[in-house]
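This is model11.cif. It holds mmCIF, C-alpha atoms.
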```cif
data_model
loop_
_atom_site.label_atom_id
_atom_site.label_comp_id
_atom_site.auth_asym_id
_atom_site.auth_seq_id
_atom_site.Cartn_x
_atom_site.Cartn_y
_atom_site.Cartn_z
CA MET A 1 9.39 159.24 157.58
CA ARG A 2 11.90 157.57 159.92
CA ALA A 3 12.19 154.57 157.58
CA ARG A 4 13.05 156.92 154.73
CA ARG A 5 15.77 158.63 156.80
CA ASP A 6 17.19 155.21 157.76
CA ALA A 7 17.26 154.14 154.10
CA THR A 8 19.00 157.36 153.13
CA ARG A 9 21.66 156.87 155.83
CA THR A 10 22.19 153.29 154.64
CA LEU A 11 22.73 154.39 151.01
CA CYS A 12 25.15 157.07 152.17
CA ARG A 13 27.28 154.35 153.78
CA VAL A 14 27.37 152.32 150.55
CA GLN A 15 30.61 152.82 148.65
CA LEU A 16 30.64 153.83 145.00
CA GLN A 17 33.10 151.01 144.33
CA GLN A 18 30.57 148.52 145.67
CA LEU A 19 27.89 149.90 143.35
CA ALA A 20 30.29 149.71 140.39
CA TYR A 21 31.08 146.07 141.21
CA PHE A 22 27.38 145.30 141.58
CA VAL A 23 26.52 146.84 138.19
CA ALA A 24 29.36 144.96 136.48
CA VAL A 25 28.18 141.59 137.83
CA ALA A 26 24.54 142.42 137.03
CA GLU A 27 25.39 143.22 133.39
CA VAL A 28 27.46 140.10 132.63
CA ARG A 29 25.80 137.74 135.18
CA HIS A 30 29.21 136.26 136.03
CA PHE A 31 31.55 137.13 138.91
CA THR A 32 34.79 136.05 137.22
CA GLN A 33 34.02 137.89 133.97
CA ALA A 34 33.03 141.01 135.89
CA ALA A 35 36.32 140.89 137.81
CA GLU A 36 38.25 140.60 134.53
CA ILE A 37 36.40 143.58 133.05
CA LEU A 38 37.11 145.67 136.16
CA ARG A 39 40.69 144.33 136.39
CA VAL A 40 40.34 143.31 140.01
CA ALA A 41 40.77 139.98 141.77
CA GLN A 42 37.62 137.89 141.80
CA PRO A 43 37.76 137.26 145.60
CA SER A 44 37.99 141.03 146.18
CA LEU A 45 34.96 141.65 143.98
CA SER A 46 32.95 138.94 145.74
CA LYS A 47 33.91 140.38 149.14
CA GLN A 48 32.66 143.85 148.13
CA ILE A 49 29.37 142.42 146.84
CA ARG A 50 28.85 140.56 150.12
CA ALA A 51 29.63 143.77 152.04
CA LEU A 52 27.05 145.64 149.93
CA GLU A 53 24.42 142.98 150.58
CA SER A 54 25.22 143.09 154.29
CA GLU A 55 24.93 146.88 154.37
CA LEU A 56 21.57 146.80 152.62
CA SER A 57 20.40 143.69 154.53
CA VAL A 58 19.23 142.00 151.33
CA SER A 59 20.48 139.45 148.82
CA LEU A 60 21.13 141.04 145.43
CA PHE A 61 22.01 137.91 143.46
CA SER A 62 20.65 134.40 143.32
CA ARG A 63 23.57 131.99 142.88
CA ALA A 64 21.70 128.71 142.36
CA ARG A 65 23.78 126.04 140.56
CA GLY A 66 26.24 128.57 139.23
CA ASN A 67 23.58 130.62 137.44
CA ILE A 68 23.75 134.26 138.49
CA THR A 69 20.43 136.10 138.42
CA LEU A 70 19.19 139.25 140.11
CA THR A 71 16.84 138.99 143.03
CA PRO A 72 13.87 141.40 143.17
CA ALA A 73 16.01 143.65 145.39
CA GLY A 74 18.82 143.51 142.83
CA GLU A 75 16.41 144.36 140.01
CA ALA A 76 15.23 147.41 142.00
CA LEU A 77 18.77 148.55 142.80
CA LEU A 78 20.27 148.20 139.31
CA PRO A 79 18.75 151.29 137.60
CA LEU A 80 19.36 153.37 140.73
CA ALA A 81 23.00 152.26 140.92
CA LYS A 82 23.54 153.08 137.24
CA ARG A 83 22.06 156.52 137.72
CA ILE A 84 24.15 157.22 140.84
CA LEU A 85 27.37 156.20 139.06
CA ALA A 86 26.47 158.25 135.97
CA ASP A 87 25.69 161.33 138.07
CA VAL A 88 28.96 161.00 140.01
CA GLU A 89 30.90 160.81 136.75
CA THR A 90 29.03 163.86 135.45
CA ALA A 91 29.88 165.77 138.64
CA ARG A 92 33.55 164.81 138.30
CA LEU A 93 33.67 166.07 134.74
CA GLU A 94 31.79 169.24 135.70
CA VAL A 95 34.48 170.09 138.24
CA GLN A 96 37.19 169.47 135.65
CA GLU A 97 35.41 171.73 133.16
CA LEU A 98 35.74 174.74 135.46
CA ALA A 99 39.19 175.23 133.96
CA GLY A 100 37.60 176.85 130.91
CA LEU A 101 36.15 173.94 128.89
CA LYS A 102 39.59 172.53 128.19
CA ARG A 103 38.44 169.12 129.40
CA GLY A 104 35.13 167.34 129.66
CA ARG A 105 32.70 165.11 127.84
CA VAL A 106 29.40 165.32 126.00
CA ARG A 107 27.31 162.17 125.63
CA LEU A 108 24.81 162.83 122.83
CA GLY A 109 22.07 160.63 121.43
CA ALA A 110 20.59 161.19 117.97
CA THR A 111 18.29 159.48 115.51
CA PRO A 112 19.91 157.85 112.44
CA SER A 113 18.51 160.44 110.03
CA LEU A 114 20.25 163.23 111.94
CA CYS A 115 23.49 161.28 112.25
CA ALA A 116 23.45 160.78 108.48
CA GLY A 117 22.49 164.42 107.85
CA LEU A 118 23.34 167.66 109.60
CA LEU A 119 24.82 166.37 112.88
CA ALA A 120 28.31 165.87 111.42
CA ASP A 121 28.59 169.58 110.59
CA VAL A 122 27.49 170.54 114.11
CA LEU A 123 30.03 168.18 115.67
CA ARG A 124 32.75 169.60 113.44
CA ARG A 125 31.99 173.15 114.56
CA PHE A 126 31.89 172.16 118.22
CA HIS A 127 35.16 170.20 118.02
CA ASP A 128 36.92 173.13 116.35
CA ALA A 129 35.79 175.44 119.18
CA TYR A 130 36.40 172.97 122.05
CA PRO A 131 39.02 170.41 120.94
CA GLY A 132 39.56 169.16 124.49
CA ILE A 133 35.96 168.03 124.96
CA GLN A 134 35.34 164.34 124.30
CA LEU A 135 32.31 163.66 122.08
CA LEU A 136 30.42 160.39 122.52
CA VAL A 137 27.52 159.87 120.07
CA GLU A 138 24.93 157.10 120.41
CA GLU A 139 22.75 156.46 117.37
CA GLY A 140 19.36 154.89 117.95
CA GLY A 141 15.61 155.12 117.76
CA SER A 142 13.88 157.86 119.71
CA ARG A 143 12.36 155.52 122.30
CA ASP A 144 15.72 153.88 122.94
CA LEU A 145 17.34 157.30 123.40
CA VAL A 146 14.66 158.45 125.86
CA ARG A 147 15.29 155.33 127.92
CA GLU A 148 19.06 155.95 127.95
CA LEU A 149 18.49 159.58 128.95
CA THR A 150 16.34 158.65 131.93
CA ARG A 151 18.95 156.09 133.00
CA GLY A 152 21.65 158.74 133.01
CA SER A 153 23.64 157.13 130.17
CA LEU A 154 23.33 160.27 128.00
CA ASP A 155 23.63 163.99 128.75
CA MET A 156 21.19 165.02 126.01
CA ALA A 157 19.52 163.57 122.96
CA LEU A 158 17.70 164.58 119.80
CA VAL A 159 14.36 162.80 120.10
CA ILE A 160 10.96 162.73 118.41
CA LEU A 161 7.94 164.51 119.90
CA PRO A 162 5.56 163.73 121.45
CA LEU A 163 7.33 161.49 123.95
CA GLN A 164 5.69 158.23 124.97
CA GLY A 165 4.53 158.16 128.57
CA ASP A 166 5.73 160.93 130.85
CA PRO A 167 9.52 160.70 131.16
CA PRO A 168 11.22 163.25 133.45
CA LEU A 169 12.77 165.21 130.59
CA ASP A 170 12.94 168.84 129.48
CA THR A 171 12.45 169.18 125.73
CA THR A 172 13.09 172.07 123.33
CA PRO A 173 11.63 171.67 119.81
CA ILE A 174 14.34 172.56 117.30
CA LEU A 175 13.54 170.95 113.93
CA ARG A 176 10.70 169.82 111.71
CA GLU A 177 11.56 166.81 109.54
CA PHE A 178 9.36 165.76 106.59
CA LEU A 179 8.69 162.11 105.80
CA VAL A 180 8.57 160.47 102.38
CA VAL A 181 8.06 157.00 100.94
CA ALA A 182 11.40 155.73 99.63
CA SER A 183 11.22 153.46 96.59
CA PRO A 184 13.83 152.19 94.08
CA THR A 185 14.44 154.23 90.94
CA GLY A 186 15.82 151.32 88.94
CA ALA A 187 19.29 152.85 88.85
CA GLU A 188 20.58 149.76 90.63
CA THR A 189 21.75 147.26 88.00
CA GLY A 190 20.94 143.57 88.07
CA LEU A 191 17.63 143.87 89.93
CA PRO A 192 15.03 141.19 89.14
CA GLU A 193 12.25 142.88 87.18
CA ARG A 194 9.56 141.27 89.31
CA SER A 195 11.11 142.57 92.56
CA LEU A 196 11.60 146.05 91.15
CA LYS A 197 8.04 146.25 89.88
CA ALA A 198 6.65 145.20 93.27
CA ALA A 199 8.63 147.87 95.09
CA GLN A 200 8.16 150.77 92.67
CA LEU A 201 5.33 153.21 93.30
CA PRO A 202 3.10 155.27 91.00
CA ARG A 203 4.83 158.43 89.78
CA ARG A 204 2.66 160.98 91.52
CA SER A 205 3.43 164.20 93.35
CA TYR A 206 2.21 162.66 96.61
CA LEU A 207 1.07 159.35 98.09
CA ARG A 208 -1.56 158.40 100.63
CA ILE A 209 -1.15 155.85 103.38
CA GLU A 210 -3.73 153.79 101.47
CA ASP A 211 -1.21 153.46 98.62
CA LEU A 212 0.93 151.29 100.92
CA ARG A 213 -1.80 148.65 101.25
CA ASN A 214 -0.46 145.30 99.99
CA ARG A 215 2.92 146.90 99.25
CA PRO A 216 5.97 145.10 100.65
CA LEU A 217 7.47 147.30 103.37
CA VAL A 218 11.01 147.38 104.67
CA MET A 219 10.61 148.00 108.38
CA PHE A 220 12.94 149.26 111.09
CA ARG A 221 13.65 147.29 114.24
CA PRO A 222 11.54 147.88 117.38
CA GLY A 223 12.58 151.06 119.20
CA TYR A 224 12.47 153.27 116.10
CA ASP A 225 9.81 155.96 116.15
CA LEU A 226 9.46 155.55 112.37
CA ARG A 227 8.40 151.95 112.84
CA GLU A 228 5.60 152.84 115.26
CA ALA A 229 4.52 155.86 113.18
CA THR A 230 4.26 153.80 110.00
CA ILE A 231 2.40 150.91 111.61
CA SER A 232 -0.01 153.26 113.41
CA ALA A 233 -0.77 155.21 110.21
CA CYS A 234 -1.49 151.99 108.29
CA ARG A 235 -3.79 150.69 111.01
CA ALA A 236 -5.60 154.03 111.16
CA ALA A 237 -6.23 153.63 107.41
CA GLY A 238 -7.79 150.21 108.04
CA PHE A 239 -5.09 147.71 107.12
CA GLU A 240 -2.13 145.84 108.55
CA PRO A 241 1.19 146.62 106.85
CA ARG A 242 2.90 143.77 105.03
CA PHE A 243 6.61 143.41 105.82
CA ALA A 244 9.05 142.13 103.24
CA VAL A 245 11.87 142.39 105.78
CA GLU A 246 12.15 144.00 109.20
CA GLY A 247 14.66 144.64 111.96
CA GLY A 248 17.13 146.93 110.18
CA GLU A 249 18.94 150.13 111.09
CA MET A 250 18.70 153.15 108.77
CA ASP A 251 21.53 152.25 106.38
CA ALA A 252 20.29 148.67 106.07
CA VAL A 253 16.69 149.79 105.43
CA LEU A 254 17.77 152.14 102.64
CA ARG A 255 19.92 149.47 101.03
CA PHE A 256 17.10 146.93 101.18
CA VAL A 257 14.84 149.42 99.38
CA GLU A 258 17.52 150.11 96.75
CA VAL A 259 17.67 146.44 95.78
CA GLY A 260 13.89 146.19 95.44
CA LEU A 261 12.86 144.35 98.61
CA GLY A 262 10.15 146.91 99.32
CA VAL A 263 9.42 150.53 100.17
CA ALA A 264 9.96 152.39 103.45
CA VAL A 265 8.76 155.55 105.19
CA VAL A 266 11.86 157.63 105.96
CA PRO A 267 12.90 161.27 106.52
CA SER A 268 13.61 162.92 103.19
CA MET A 269 17.10 164.09 104.25
CA VAL A 270 18.49 160.53 104.27
CA LEU A 271 17.94 160.15 100.50
CA ALA A 272 20.56 162.76 99.62
CA GLY A 273 23.36 161.18 97.59
CA ARG A 274 21.40 158.00 96.83
CA PRO A 275 20.49 157.97 93.12
CA GLY A 276 18.96 154.51 93.53
CA LEU A 277 16.16 155.91 95.68
CA ARG A 278 13.26 158.24 95.04
CA GLY A 279 11.28 159.97 97.79
CA THR A 280 7.55 160.65 97.35
CA PRO A 281 5.79 162.92 99.87
CA LEU A 282 3.28 161.13 102.05
CA VAL A 283 0.05 162.78 103.19
CA LEU A 284 -2.64 161.71 105.62
CA PRO A 285 -6.30 161.58 104.53
CA ASP A 286 -7.26 164.89 106.14
CA GLU A 287 -4.34 166.57 104.37
CA GLU A 288 -5.38 165.61 100.84
CA ALA A 289 -7.43 168.77 100.48
CA ARG A 290 -4.15 170.65 100.81
CA ARG A 291 -2.20 168.45 98.38
CA GLY A 292 -1.75 171.36 96.00
CA ARG A 293 0.52 173.04 98.54
CA GLN A 294 4.26 172.85 98.08
CA GLY A 295 6.05 170.27 100.17
CA PRO A 296 5.10 167.00 101.89
CA GLY A 297 2.34 166.73 104.44
CA LEU A 298 3.51 164.10 106.92
CA LEU A 299 6.18 165.36 109.29
CA ARG A 300 7.63 164.93 112.74
CA THR A 301 9.11 167.29 115.31
CA ILE A 302 12.59 166.83 116.73
CA ALA A 303 13.51 168.17 120.15
CA LEU A 304 16.67 168.47 122.20
CA ALA A 305 16.00 166.67 125.50
CA HIS A 306 17.79 166.28 128.81
CA ARG A 307 16.86 165.14 132.32
CA LYS A 308 14.94 167.60 134.48
CA ASP A 309 16.68 166.57 137.68
CA VAL A 310 20.26 167.00 136.42
CA GLU A 311 21.87 170.30 135.46
CA LEU A 312 23.63 170.24 132.12
CA THR A 313 27.41 170.33 132.41
CA HIS A 314 29.33 173.30 131.02
CA ALA A 315 30.36 171.16 128.04
CA ALA A 316 26.78 170.06 127.35
CA ARG A 317 25.52 173.64 127.55
CA ALA A 318 28.26 174.70 125.14
CA PHE A 319 27.15 171.99 122.70
CA GLN A 320 23.51 173.09 123.06
CA ASP A 321 24.50 176.66 122.18
CA THR A 322 26.59 175.47 119.23
CA LEU A 323 23.72 173.35 117.88
CA GLN A 324 21.12 176.10 118.19
CA THR A 325 23.39 178.74 116.62
CA PHE A 326 24.17 176.39 113.73
CA LEU A 327 20.49 175.70 113.05
CA VAL A 328 19.52 179.38 113.12
CA GLU A 329 22.35 180.32 110.75
CA ALA A 330 21.65 177.39 108.41
CA GLY A 331 17.94 178.22 108.36
CA LEU A 332 18.62 181.84 107.42
CA ALA A 333 21.11 180.78 104.75
CA GLY A 334 18.80 178.11 103.31
CA SER A 335 21.50 175.46 103.75
CA LEU A 336 19.64 172.91 105.86
CA PRO A 337 19.33 169.41 104.34
CA PRO A 338 16.31 168.71 102.09
CA GLY A 339 13.11 168.19 104.06
CA VAL A 340 14.33 169.93 107.23
CA GLU A 341 13.07 173.18 108.72
CA THR A 342 14.38 174.84 111.88
CA LEU A 343 11.95 175.84 114.61
CA LEU A 344 14.48 178.21 116.18
CA THR A 345 14.75 181.92 115.53
CA ASP A 346 17.49 184.37 116.42
#
```
As structure tokens, please, write out the structure in this file.
Amino acid sequence: MRARRDATRTLCRVQLQQLAYFVAVAEVRHFTQAAEILRVAQPSLSKQIRALESELSVSLFSRARGNITLTPAGEALLPLAKRILADVETARLEVQELAGLKRGRVRLGATPSLCAGLLADVLRRFHDAYPGIQLLVEEGGSRDLVRELTRGSLDMALVILPLQGDPPLDTTPILREFLVVASPTGAETGLPERSLKAAQLPRRSYLRIEDLRNRPLVMFRPGYDLREATISACRAAGFEPRFAVEGGEMDAVLRFVEVGLGVAVVPSMVLAGRPGLRGTPLVLPDEEARRGRQGPGLLRTIALAHRKDVELTHAARAFQDTLQTFLVEAGLAGSLPPGVETLLTD
């Protein structure tokens, strides 16, 4: 217990500037470059790093032969330092926001399908209501966004449930998003007939995972929930998926499918406005008995998530209210994008 109190007193004596300098050096692994980024003199930066190491009684960097690497103590401190700096910045903005949401910032993460779909309308409504609030949007896979949330780099994010592991996040389910198999329609001119034939699928009202066996797949980069969901479904059906190309973001994946490189499992909403693509509902084996029902069978749930240990700022709460009001109104009006259902009610 005493050791914990001593450690707490030591951290209290550490200056925020020292932590900021430490994080900058840790990210670029170069003292001179870090000083240039921070616009401070390199000797001053080095002096602050040495003072931090002295205060903590540990070495944070290994400086062997000019190569800068983190020591085990530095590796342990880095995520904590990032979180402390992010929380301090959030507190600063929270104080500024007390003037009636005339200033502030919202750092939002969202999956590519949402960025390409309904999120733009929500951002437009929020900006009209709070023009002084800065909006920062990070697009990425659900697992990447969860990691950034826990690090304190985002205020909130739209992520896919269930979450992997047990991250310290509060989640509110808000949307259900249906998945389809995207394949080329042939509207793209100049496609080699052999490539187009390999990527086109049978014209049926639905497809099974088994129908993807031996089909060339266009696959997202690691970090995308869609990548893991597709691979897991194929393996559960008894086969390894065959990749024609992998590593793309959403726009790249859709374009690769359009030109006949393969097919891809995507949310149906991203196919709007793309005549070169057709979306076929995908069902799992135990859903085939219900294939006569209207609508696709394979879906995923989207939730709004934020850290449990950090109160949302006034600006973030205002965005949360704007988003939920928009989804309720759009659901009642039937104006949500294709393949999207709201889980919120008024």
Evaluate the PyMOL selection byres ((chain A and resi 215) around 8) on the structure here and hand back the selected residues as a tab-separated table (two decimals) with C-alpha atoms, keeping the file's coordinate frame.
```tsv
chain	number	residue	atom	x	y	z
A	198	ALA	CA	6.65	145.20	93.27
A	199	ALA	CA	8.63	147.87	95.09
A	211	ASP	CA	-1.21	153.46	98.62
A	212	LEU	CA	0.93	151.29	100.92
A	213	ARG	CA	-1.80	148.65	101.25
A	214	ASN	CA	-0.46	145.30	99.99
A	216	PRO	CA	5.97	145.10	100.65
A	217	LEU	CA	7.47	147.30	103.37
A	241	PRO	CA	1.19	146.62	106.85
A	242	ARG	CA	2.90	143.77	105.03
A	262	GLY	CA	10.15	146.91	99.32
A	263	VAL	CA	9.42	150.53	100.17
```
Any chance you could tabulate, as CSV, the residues of region 67-161 of chain A at most 10 Å from region 247-260 of chain A with each one's nearest atom pair and distance in Å to one decimal, using all atoms listed in the file, in chain and rising number order?
```
residue,atom,partner,partner_atom,distance
A:Thr111,CA,A:Met250,CA,9.3
A:Pro112,CA,A:Met250,CA,6.1
A:Ser113,CA,A:Met250,CA,7.4
A:Ala116,CA,A:Asp251,CA,9.0
A:Glu139,CA,A:Glu249,CA,9.7
A:Gly140,CA,A:Glu249,CA,8.4
A:Gly141,CA,A:Glu249,CA,9.0
```
Nearest to Leu298 (chain A) among A:Ser268, A:Thr342, A:Ser59, A:Thr325, with distances taken over only C-alpha atoms: which residue is it?
A:Ser268
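In terms of minimum interatomic distance to Val266 (chain A), A:Leu179 ranks closest within A:Ile231, A:Val58, A:Leu179, A:Ala330, counting all atoms listed in the file.
Between CA of Lys47 (chain A) and CA of Gln18 (chain A) lies a distance of 9.5 Å.
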Pick the closest to Leu261 (chain A) from A:Ser232, A:Val88, A:Val245, A:His30: which is it, counting only C-alpha atoms?
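Residue with the minimum atom-to-atom distance to Leu261 (chain A): A:Val245.
Atom to atom, CA of Gln164 (chain A) and CA of Glu75 (chain A) stand 23.1 Å apart.
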Any idea what the distance is between CA of Ala318 (chain A) and CA of Leu108 (chain A)?
12.6 Å
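Closest approach to Asp166 (chain A) among A:Pro131, A:Ile302, A:Lys308, A:Ser46 is made by A:Lys308 (distances from all atoms listed in the file).
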Return the single residue from A:Ala91, A:Leu56, A:Arg50, A:Glu311 that is closest to Ala73 (chain A), with distances computed using only C-alpha atoms.
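That would be A:Leu56, the residue with the smallest distance to Ala73 (chain A).
Here the PyMOL selection byres ((chain A and resi 276) around 10) catches exactly these residues: Ala182, Ser183, Pro184, Thr185, Gly186, Ala187, Glu188, Thr189, Leu254, Arg255, Val257, Glu258, Val259, Gly260, Leu271, Gly273, Arg274, Pro275, Leu277 and Arg278 of chain A.
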Considering only C-alpha atoms, return as a PDB file with C-alpha atoms, in the frame of the given file whatever protein or nucleic-acid residues lie within 9 Å of Ala24 (chain A), sequence-local ones (same chain, fewer than 3 positions apart) excluded.
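This is the output file result-v6.pdb:
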```
ATOM      1  CA  LEU A  19      27.890 149.900 143.350  1.00  0.00           C
ATOM      2  CA  ALA A  20      30.290 149.710 140.390  1.00  0.00           C
ATOM      3  CA  TYR A  21      31.080 146.070 141.210  1.00  0.00           C
ATOM      4  CA  GLU A  27      25.390 143.220 133.390  1.00  0.00           C
ATOM      5  CA  VAL A  28      27.460 140.100 132.630  1.00  0.00           C
ATOM      6  CA  ARG A  29      25.800 137.740 135.180  1.00  0.00           C
ATOM      7  CA  HIS A  30      29.210 136.260 136.030  1.00  0.00           C
ATOM      8  CA  PHE A  31      31.550 137.130 138.910  1.00  0.00           C
ATOM      9  CA  GLN A  33      34.020 137.890 133.970  1.00  0.00           C
ATOM     10  CA  ALA A  34      33.030 141.010 135.890  1.00  0.00           C
ATOM     11  CA  ALA A  35      36.320 140.890 137.810  1.00  0.00           C
ATOM     12  CA  ILE A  37      36.400 143.580 133.050  1.00  0.00           C
ATOM     13  CA  LEU A  38      37.110 145.670 136.160  1.00  0.00           C
TER      14      LEU A  38
END
```
Selection: 7 Å around Thr301 (chain A), all atoms listed in the file, excl. self and same-chain fewer than 5 positions, as number ranges by chain:
A: 160-161, 173, 175-177
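Proximity to Val40 (chain A) was assessed for A:Ser153, A:Gln17, A:Thr280, A:Thr71 counting only C-alpha atoms; the smallest distance is recorded for A:Gln17.
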Pull out every residue that the PyMOL selection byres ((chain A and resi 134) around 8) matches in the shown coordinates and put them as a CSV table (one decimal) with C-alpha atoms, in the coordinates of the input.
```csv
chain,number,residue,atom,x,y,z
A,103,ARG,CA,38.4,169.1,129.4
A,104,GLY,CA,35.1,167.3,129.7
A,105,ARG,CA,32.7,165.1,127.8
A,106,VAL,CA,29.4,165.3,126.0
A,131,PRO,CA,39.0,170.4,120.9
A,132,GLY,CA,39.6,169.2,124.5
A,133,ILE,CA,36.0,168.0,125.0
A,135,LEU,CA,32.3,163.7,122.1
A,136,LEU,CA,30.4,160.4,122.5
```
